[in-house]
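Following: one structure in structure tokens, then a few remarks.
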Protein chains: 2
Amino acid sequence: MNQVEIQDNFFSRYKELIRTEMIPYQWSVLNDEIEINIERERNDDSIPNEKSHVIENFRIAAGRKKGNHYGWVFQDSDLYKWLEAAAYTLREKMDEKLKCLADDVVDLISDAQEEDGYLDTYFTIEEPDQKYKRLWESHELYCAGHFMEAAVAYYEAAGNKKVLETACKLADHIDSVFGDEEGKIHGYDGHEEVEIGLMRLYRLTQNVRYLKLAQYFLLVRGTECEAMNSKHLPLTYYQAHLPVLKQDTAEGHAVRLVYLCTAMADAAGETGDEKLLLASRRLWRSIVTRRMYITGGIGSTVSGEAFTLDYDLPNDTMYCETCASVGLVFFAYRMLMSEEKGEYGDVMERALYNTVLGGVALDGKHFFYVNPLEVVPGKSSKDPGKSHVKCVRPQWLGCACCPPNLARLLASVEQYVFVQKKDKLLVNLFVECKGSFEMEDGVLNIELKTGYPWEGCVEIKLNYSGTASVCLGIRVPSWSDTFDVELNQERAVFKEKHGFIYVNQVFSEDTIRLKLDMQAKRWYANPLVENDLGKFAVSRGPIVYCLEGADNGTNLHLLSLEKQEEFEYKFDEAKLGGVGVLTAWGWKTEPDSGAQWLYRKNTAAVKKTKTKIKWIPYYSWANRGENEMRVWVREENPC
Amino acid sequence: MNQVEIQDNFFSRYKELIRTEMIPYQWSVLNDEIEINIERERNDDSIPNEKSHVIENFRIAAGRKKGNHYGWVFQDSDLYKWLEAAAYTLREKMDEKLKCLADDVVDLISDAQEEDGYLDTYFTIEEPDQKYKRLWESHELYCAGHFMEAAVAYYEAAGNKKVLETACKLADHIDSVFGDEEGKIHGYDGHEEVEIGLMRLYRLTQNVRYLKLAQYFLLVRGTECEAMNSKHLPLTYYQAHLPVLKQDTAEGHAVRLVYLCTAMADAAGETGDEKLLLASRRLWRSIVTRRMYITGGIGSTVSGEAFTLDYDLPNDTMYCETCASVGLVFFAYRMLMSEEKGEYGDVMERALYNTVLGGVALDGKHFFYVNPLEVVPGKSSKDPGKSHVKCVRPQWLGCACCPPNLARLLASVEQYVFVQKKDKLLVNLFVECKGSFEMEDGVLNIELKTGYPWEGCVEIKLNYSGTASVCLGIRVPSWSDTFDVELNQERAVFKEKHGFIYVNQVFSEDTIRLKLDMQAKRWYANPLVENDLGKFAVSRGPIVYCLEGADNGTNLHLLSLEKQEEFEYKFDEAKLGGVGVLTAWGWKTEPDSGAQWLYRKNTAAVKKTKTKIKWIPYYSWANRGENEMRVWVREENPC
């Protein structure tokens, strides 16, 4: 079986944090073992904020305890995501104590499952007669999908057969209830996810009914059927306004949309369904060319946590949910499996290194749900249009989807490094690791050595046991204006094709060295993005940078940079867990707070002073208390 | 008695519109005589939206009909404001039919008044046992204040004694219930207004109890007393967080704050209370130097329709309620009565010619509640943070405070032209009119001739029956960089002092000609106003200009102007009821909507084309259907 093992300066820290901090911490939260301060993201009295109660709900549903369900209807998924993250952690490094805990969780879930395979603690405990009757809001299939994902991961990691049996029993039950056939429910969940779970279960079990059921859920969406009766939210919220094959623009709740797209791309890749692939590609283009932030964040408004309009990308009122960028990574990876285009890896990197990593504090114990590109603390507290924008990461969230979601992604980041296609292997992410892949006539061992994302050199060592030639594709990120390649220490010329270079040969003890362009780059938004016009953002490698008050004082909007000014880069071991810092000499327009004027007729009196401006990686902001932050910075003399 | 009669090209059109359109139209709305489409400003199910029911509530309270109260608790004030506007209209030109209607209204109000003087249809009909028990939200005293204002105006206009008796009976009743004395309610209304009404009633009747009661309500505010028990809103919302003498910054609901300030300045002027004057001045400075839009709009957020922070002036999510700018005119006028400073008139003009006039459509039958400085129609419908921002004026508003409020101001605009102080007369606004004032030893007849606000010449003809010298002060607006004065056709040199020039002499058939600088001016905001940095607004005379999509196409943010570019001015008789239009050659950054890129590393490819940009007066926007608008425009090479 293919294997990838990470030993990376950058990501190993996160993986260790997940193992030692996030998984135990999230466990104690889910199990109500510690007192925490749960942040309610809005003034909604319906959101529980004293405890999590997730595991307690399972105990009650399993008949081990008496009591009522407490919390959101979709909370079961928090435990499933935790289990999935734990699975990846165990796959990497077995830990008997954690495995026991996870085995117990499997037993608990299995006990909470009903005789016929139904599984959802809320409806089992509180409203058994309402099962599958409120699909637009019930999240029953959403939770089921998360359980299937967790089950596949945990089965693969720990060989626990019960978890797979429980998941299959649930999938079989759903298959018996939903479908085109007469007597079945013609419907689908308001929140996509079951489609992803079914695809994973199908790939593991090769049970074609799971694939067909996933296809059913994908294609019935947006068609007229009795199950989508919500009067409260527009159909776009659920991507239910049109059949998915007819959807051209990314609409509605951003997490839902990317989960839908992930499953569409997945099913298209698996079945070769051209129409589904084309539809996935249209939605991809809608997101990445018109509706995505430079940080890989998506969702321009808190209302419905949703997409809005093309080029409508406000930096201080947006949503940019961590989960949505996690989902964008999933979507990008599935697209890359179908189409060898570097842009999928580029966007995956953008989302992963910036918004996803920004979703968790350096301590691994505080989390953002909303990831702004511009924050002034006072405004968040005074302006209700910004009240969802936090300036520091809360300990936990009333709606706790994001912490375990980013945990399961970071815990399995090795899955996204390579893409194998028959006799071809693509190197997608640059993470120090060792991998071995079964190719058509042998095993390809591959080793990546790199100081990425701070350094641009990637050394790839290859060793192939077979005798046929193998094609190795290496992604060249689009931010890299130039690149150098050495093949066995000799400079080689490769032509980039759709963001990849290819080395096609019989490998045996070969070394490829890729050197990327690590100059800091200024980025400009399409002029149709009103909020970014006359401004630039700076990145270096895959990392998008930002200004923070802790380094630059207040009123960050007063800072500006001349067009020709260059950035100085320095890696600062001591800062923020070790980050590359960018500095440049810019201007600070002098505030005029003492002045008794608000509007005046000349600008001659406005003074600017030369000042050194410091940028830190976006993902590392908000680790030094409440302060201002901004990604887009004014450029003097914009053209 | 002093008299001013307007015959002005600019304002007479509005006054005629009020007489012929707004008053009859608003009457039929208040009386539920026509089918209208009432716009609900938010998704609040508690707002009635099918009918007004205002007069019906009075009929029920008066016992003439059976039924329930319907609508907001403060709706009585809509009728009072209508009566006040009708009074000003009648004062100018008697109309027997309207007078009959107004007399009937007075009878109806009088019948709705209870035996003890209490007057409020909601509590009389629905909750008599709750009278004065929910002062933070009941608006009982607020409505009372509006009735007192209307009563004074209608008594003065039509000599109707009943209206004055009813108002005095109400004031006496309130005086018997509220006050410092034991056994009385120690409290005040959540919405200031009764203080203004009492001051007016005092000035007419010279009953000192009304003055004292107004002072009581002013000074008890923000002190601990049992009457402000709301748990739902912060005390700043009601300006109840501190005693008014200790309030330094404009906080909370903007309309309330300026009504409070109006009464403070009024009482200070009447009594010479230095502390109250100083407090008024502090709040004035807080507004005009840190919390006011260039259009004279106030209230930076929809939440609580309130002030937020110094220099926090977002252009697309603000509130800028029409009523708040009406109140700012009142406040400015009261300050001007206390202090001869031109800035009061400057701000009054700013609010009046821009936000107040912008509150009503050119047809006099559609109204804005919220007055944005930047609108993109699609964003208002997609972004809930902007859903309060309408792109066209609705026919009526669920909360209908603004339409009759601006009607009563525009119907009485002559009151704000002059300020008399013993032997001194100040010319504050430039409106074509004739006035006569009883000075210390004679009558001063004054006539203003002007094409203002489009032309900057003001001819002032004076004729004095007395023999002593009279001091005439003429405001020189701060936007006028230069000014010329001719006294009886000879050029004269005057030194400006705090925004006024003074002619001190024995007048007899004298003519003063003032010529103001009518060049279009660019304005820049204090750099601390983040949203306006790198941008300018343009004004000509007192009129602030804006760009509208109807003239300039979509994506107005793509337009920019070089610093040195000059404006061309032309009065266009046929456009928007006759407006002065400004044009200049600027740039349009080419959109790039077909492009498949959202972010890129160089700006070289961004093209700009020279384009003629057209500005129209801000007040005249949104009269050509739904389209984009913006006040602040990017300046190329900002310094």
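In the structure tokens, chains take the letters A, B, ... in the order shown, each chain's residues start at 1, and ligands count up from 1 in the order shown.
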message = Show me, as number ranges by chain, the residues that have an atom within 9 Å of segment 515-527 of chain A when counting only C-alpha atoms, minus same-chain residues fewer than 5 positions from it.
response = A: 290, 294, 311, 454-459, 476-477, 479-486, 532-541, 566-569, 582; B: 557-558, 589-593, 595, 597-603, 606
Once you have the residues from the selection above, write them out as a CSV table (one decimal), in the first residue's frame, restricted to C-alpha atoms.
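After the write, again.csv holds the following:
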chain,number,residue,atom,x,y,z
A,290,ARG,CA,-14.2,36.0,-9.0
A,294,ILE,CA,-6.1,36.2,-1.6
A,311,TYR,CA,-15.7,40.7,-7.2
A,454,TRP,CA,10.6,29.6,4.1
A,455,GLU,CA,13.1,28.3,1.6
A,456,GLY,CA,12.5,27.5,-2.1
A,457,CYS,CA,14.8,24.5,-2.6
A,458,VAL,CA,13.2,21.1,-3.0
A,459,GLU,CA,15.4,18.1,-3.3
A,476,VAL,CA,5.8,24.8,-10.2
A,477,PRO,CA,3.7,27.3,-8.2
A,479,TRP,CA,3.8,32.7,-7.7
A,480,SER,CA,7.3,31.6,-8.7
A,481,ASP,CA,8.3,33.8,-11.6
A,482,THR,CA,11.4,31.7,-12.4
A,483,PHE,CA,12.5,28.2,-11.5
A,484,ASP,CA,15.7,26.1,-11.8
A,485,VAL,CA,15.9,22.4,-12.1
A,486,GLU,CA,18.9,20.1,-11.6
A,532,ASP,CA,-8.4,46.4,-2.9
A,533,LEU,CA,-8.0,49.0,-5.6
A,534,GLY,CA,-4.9,51.1,-5.1
A,535,LYS,CA,-3.6,48.5,-2.7
A,536,PHE,CA,-1.3,45.5,-2.8
A,537,ALA,CA,-0.9,42.4,-0.8
A,538,VAL,CA,2.5,40.8,-0.3
A,539,SER,CA,3.4,37.1,-0.3
A,540,ARG,CA,6.6,35.2,-0.2
A,541,GLY,CA,6.4,31.6,-1.4
A,566,GLU,CA,11.9,46.4,-2.0
A,567,PHE,CA,11.3,44.0,0.8
A,568,GLU,CA,13.9,42.6,3.1
A,569,TYR,CA,13.3,39.1,4.3
A,582,LEU,CA,9.3,41.0,5.7
B,557,HIS,CA,-15.0,53.0,-8.0
B,558,LEU,CA,-13.0,52.6,-11.2
B,589,THR,CA,-9.5,51.9,-14.9
B,590,GLU,CA,-10.7,49.3,-17.3
B,591,PRO,CA,-12.8,46.7,-15.6
B,592,ASP,CA,-11.5,43.3,-16.6
B,593,SER,CA,-14.6,41.4,-16.1
B,595,ALA,CA,-10.6,38.2,-17.5
B,597,TRP,CA,-7.7,36.4,-13.1
B,598,LEU,CA,-8.5,37.7,-9.7
B,599,TYR,CA,-5.0,38.5,-8.3
B,600,ARG,CA,-1.9,39.1,-10.3
B,601,LYS,CA,1.6,40.2,-9.7
B,602,ASN,CA,1.9,43.2,-12.0
B,603,THR,CA,-0.2,46.2,-12.6
B,606,VAL,CA,-4.2,47.4,-16.1
Item checked: Neighbour list for Leu17 of chain B as a list of chain:residue names, cut-off 8 Å, only C-alpha atoms, skip fewer than 4 positions in-chain -> B:Arg13, B:Glu21, B:Met22, B:Asp363, B:Gly364
Convert the current residue selection to file output with all heavy atoms, as a short mmCIF file (atom, residue, chain, number, x, y, z; two decimals), in the first residue's frame.
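Contents of the output file part-v8.cif:
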data_model
loop_
_atom_site.label_atom_id
_atom_site.label_comp_id
_atom_site.auth_asym_id
_atom_site.auth_seq_id
_atom_site.Cartn_x
_atom_site.Cartn_y
_atom_site.Cartn_z
N ARG B 13 -39.70 75.92 -4.78
CA ARG B 13 -40.14 74.69 -5.43
C ARG B 13 -40.46 73.63 -4.37
O ARG B 13 -41.47 72.93 -4.43
CB ARG B 13 -39.04 74.16 -6.36
CG ARG B 13 -39.52 73.16 -7.39
CD ARG B 13 -38.36 72.56 -8.17
NE ARG B 13 -37.58 71.62 -7.38
CZ ARG B 13 -37.92 70.35 -7.19
NH1 ARG B 13 -39.00 69.84 -7.77
NH2 ARG B 13 -37.18 69.56 -6.44
N GLU B 21 -48.06 68.58 -2.77
CA GLU B 21 -47.86 67.12 -2.85
C GLU B 21 -47.70 66.45 -1.49
O GLU B 21 -48.45 65.55 -1.14
CB GLU B 21 -46.61 66.79 -3.71
CG GLU B 21 -46.68 67.22 -5.15
CD GLU B 21 -47.68 66.39 -5.97
OE1 GLU B 21 -48.05 65.28 -5.52
OE2 GLU B 21 -48.11 66.87 -7.03
N MET B 22 -46.70 66.92 -0.73
CA MET B 22 -46.36 66.18 0.47
C MET B 22 -47.45 66.23 1.52
O MET B 22 -47.80 65.21 2.12
CB MET B 22 -45.03 66.69 1.05
CG MET B 22 -43.84 66.25 0.20
SD MET B 22 -42.27 66.99 0.72
CE MET B 22 -41.98 66.11 2.25
N ASP B 363 -40.10 64.23 -6.75
CA ASP B 363 -41.55 64.25 -6.86
C ASP B 363 -42.23 64.54 -5.53
O ASP B 363 -43.45 64.66 -5.46
CB ASP B 363 -42.07 62.92 -7.45
CG ASP B 363 -41.85 61.72 -6.52
OD1 ASP B 363 -41.37 61.92 -5.38
OD2 ASP B 363 -42.17 60.59 -6.93
N GLY B 364 -41.45 64.62 -4.45
CA GLY B 364 -42.02 64.91 -3.14
C GLY B 364 -42.81 63.76 -2.54
O GLY B 364 -43.46 63.92 -1.51
#
Inset, instruction - Mind checking which residues fall within 10 Å of Thr205 of chain A, counting only C-alpha atoms, ignoring those fewer than 3 positions away in the same chain, and posting them as a PyMOL selection string? - result: chain A and resi 152+164+168+199-202+208+210
To test your reading of the structure, identify every residue in segment 97-249 of chain A that backbone DSSP assigns to helix (DSSP H, G or I), and report it as a VMD selection string.
chain A and resid 97 to 112 121 to 125 128 to 130 135 to 138 140 to 158 161 to 177 194 to 205 208 to 220 235 to 238 244 to 246
* Please identify all polymer residues within 9 Å of Arg624 of chain B, counting only C-alpha atoms, omitting same-chain residues fewer than 4 positions from it, and present them as a count of residues only. => 3
Inset, instruction - For segment 139-143 of chain B, list every protein, DNA or RNA residue within 6 Å, evaluated using only C-alpha atoms, and leave out those in the same chain fewer than 2 positions away; present the list as a list in words. - result: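 My list of contacting residues is Phe74, Ser77, Glu137, Gly145, His146, Asp189, His191, Glu193 and Val194 of chain B.
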Output all heavy atoms of each residue in that selection to a file, as a PDB file, in the first residue's frame.
ATOM      1  N   PHE B  74     -44.888  55.137  18.773  1.00  0.00           N
ATOM      2  CA  PHE B  74     -44.592  56.569  18.613  1.00  0.00           C
ATOM      3  C   PHE B  74     -45.265  57.186  17.398  1.00  0.00           C
ATOM      4  O   PHE B  74     -44.931  58.289  16.996  1.00  0.00           O
ATOM      5  CB  PHE B  74     -43.071  56.800  18.552  1.00  0.00           C
ATOM      6  CG  PHE B  74     -42.350  55.908  17.578  1.00  0.00           C
ATOM      7  CD1 PHE B  74     -42.424  56.144  16.216  1.00  0.00           C
ATOM      8  CD2 PHE B  74     -41.626  54.820  18.033  1.00  0.00           C
ATOM      9  CE1 PHE B  74     -41.756  55.317  15.321  1.00  0.00           C
ATOM     10  CE2 PHE B  74     -40.963  53.991  17.150  1.00  0.00           C
ATOM     11  CZ  PHE B  74     -41.030  54.234  15.784  1.00  0.00           C
ATOM     12  N   SER B  77     -46.759  60.864  16.736  1.00  0.00           N
ATOM     13  CA  SER B  77     -45.895  61.986  16.345  1.00  0.00           C
ATOM     14  C   SER B  77     -45.945  62.251  14.842  1.00  0.00           C
ATOM     15  O   SER B  77     -45.672  63.372  14.400  1.00  0.00           O
ATOM     16  CB  SER B  77     -44.453  61.742  16.804  1.00  0.00           C
ATOM     17  OG  SER B  77     -43.929  60.587  16.165  1.00  0.00           O
ATOM     18  N   GLU B 137     -38.891  53.194  26.390  1.00  0.00           N
ATOM     19  CA  GLU B 137     -39.362  52.795  25.061  1.00  0.00           C
ATOM     20  C   GLU B 137     -40.750  53.321  24.717  1.00  0.00           C
ATOM     21  O   GLU B 137     -41.213  53.152  23.594  1.00  0.00           O
ATOM     22  CB  GLU B 137     -39.376  51.262  24.946  1.00  0.00           C
ATOM     23  CG  GLU B 137     -40.361  50.602  25.909  1.00  0.00           C
ATOM     24  CD  GLU B 137     -40.491  49.081  25.712  1.00  0.00           C
ATOM     25  OE1 GLU B 137     -39.643  48.492  25.019  1.00  0.00           O
ATOM     26  OE2 GLU B 137     -41.454  48.512  26.260  1.00  0.00           O
ATOM     27  N   GLY B 145     -43.882  66.107  23.139  1.00  0.00           N
ATOM     28  CA  GLY B 145     -43.022  67.201  22.657  1.00  0.00           C
ATOM     29  C   GLY B 145     -43.377  67.594  21.233  1.00  0.00           C
ATOM     30  O   GLY B 145     -43.439  68.782  20.894  1.00  0.00           O
ATOM     31  N   HIS B 146     -43.599  66.589  20.396  1.00  0.00           N
ATOM     32  CA  HIS B 146     -43.961  66.909  19.016  1.00  0.00           C
ATOM     33  C   HIS B 146     -45.318  67.609  18.958  1.00  0.00           C
ATOM     34  O   HIS B 146     -45.527  68.505  18.142  1.00  0.00           O
ATOM     35  CB  HIS B 146     -43.960  65.638  18.156  1.00  0.00           C
ATOM     36  CG  HIS B 146     -42.610  65.331  17.566  1.00  0.00           C
ATOM     37  ND1 HIS B 146     -41.943  66.233  16.758  1.00  0.00           N
ATOM     38  CD2 HIS B 146     -41.795  64.255  17.680  1.00  0.00           C
ATOM     39  CE1 HIS B 146     -40.778  65.706  16.385  1.00  0.00           C
ATOM     40  NE2 HIS B 146     -40.662  64.517  16.941  1.00  0.00           N
ATOM     41  N   ASP B 189     -37.872  60.590  29.250  1.00  0.00           N
ATOM     42  CA  ASP B 189     -38.214  59.744  28.109  1.00  0.00           C
ATOM     43  C   ASP B 189     -36.944  59.185  27.470  1.00  0.00           C
ATOM     44  O   ASP B 189     -35.923  59.873  27.377  1.00  0.00           O
ATOM     45  CB  ASP B 189     -38.996  60.565  27.075  1.00  0.00           C
ATOM     46  CG  ASP B 189     -39.755  59.695  26.102  1.00  0.00           C
ATOM     47  OD1 ASP B 189     -39.119  59.131  25.187  1.00  0.00           O
ATOM     48  OD2 ASP B 189     -40.977  59.558  26.258  1.00  0.00           O
ATOM     49  N   HIS B 191     -36.502  58.829  24.435  1.00  0.00           N
ATOM     50  CA  HIS B 191     -36.254  59.611  23.219  1.00  0.00           C
ATOM     51  C   HIS B 191     -36.524  61.082  23.510  1.00  0.00           C
ATOM     52  O   HIS B 191     -37.663  61.484  23.706  1.00  0.00           O
ATOM     53  CB  HIS B 191     -37.152  59.120  22.082  1.00  0.00           C
ATOM     54  CG  HIS B 191     -36.691  59.558  20.714  1.00  0.00           C
ATOM     55  ND1 HIS B 191     -36.245  60.827  20.445  1.00  0.00           N
ATOM     56  CD2 HIS B 191     -36.611  58.870  19.547  1.00  0.00           C
ATOM     57  CE1 HIS B 191     -35.919  60.916  19.157  1.00  0.00           C
ATOM     58  NE2 HIS B 191     -36.120  59.745  18.596  1.00  0.00           N
ATOM     59  N   GLU B 193     -37.230  64.955  23.114  1.00  0.00           N
ATOM     60  CA  GLU B 193     -38.074  65.770  22.230  1.00  0.00           C
ATOM     61  C   GLU B 193     -38.980  66.650  23.075  1.00  0.00           C
ATOM     62  O   GLU B 193     -39.214  67.810  22.749  1.00  0.00           O
ATOM     63  CB  GLU B 193     -38.931  64.896  21.284  1.00  0.00           C
ATOM     64  CG  GLU B 193     -40.103  65.611  20.598  1.00  0.00           C
ATOM     65  CD  GLU B 193     -39.677  66.763  19.673  1.00  0.00           C
ATOM     66  OE1 GLU B 193     -38.563  66.722  19.119  1.00  0.00           O
ATOM     67  OE2 GLU B 193     -40.461  67.731  19.521  1.00  0.00           O
ATOM     68  N   VAL B 194     -39.464  66.114  24.208  1.00  0.00           N
ATOM     69  CA  VAL B 194     -40.373  66.912  25.031  1.00  0.00           C
ATOM     70  C   VAL B 194     -39.683  68.189  25.496  1.00  0.00           C
ATOM     71  O   VAL B 194     -40.329  69.240  25.652  1.00  0.00           O
ATOM     72  CB  VAL B 194     -40.909  66.087  26.233  1.00  0.00           C
ATOM     73  CG1 VAL B 194     -39.831  65.844  27.294  1.00  0.00           C
ATOM     74  CG2 VAL B 194     -42.134  66.757  26.834  1.00  0.00           C
TER      75      VAL B 194
END
In Å and to one decimal, atom CA of His388 of chain B is distant from atom CA of Val302 of chain B by 7.3 Å
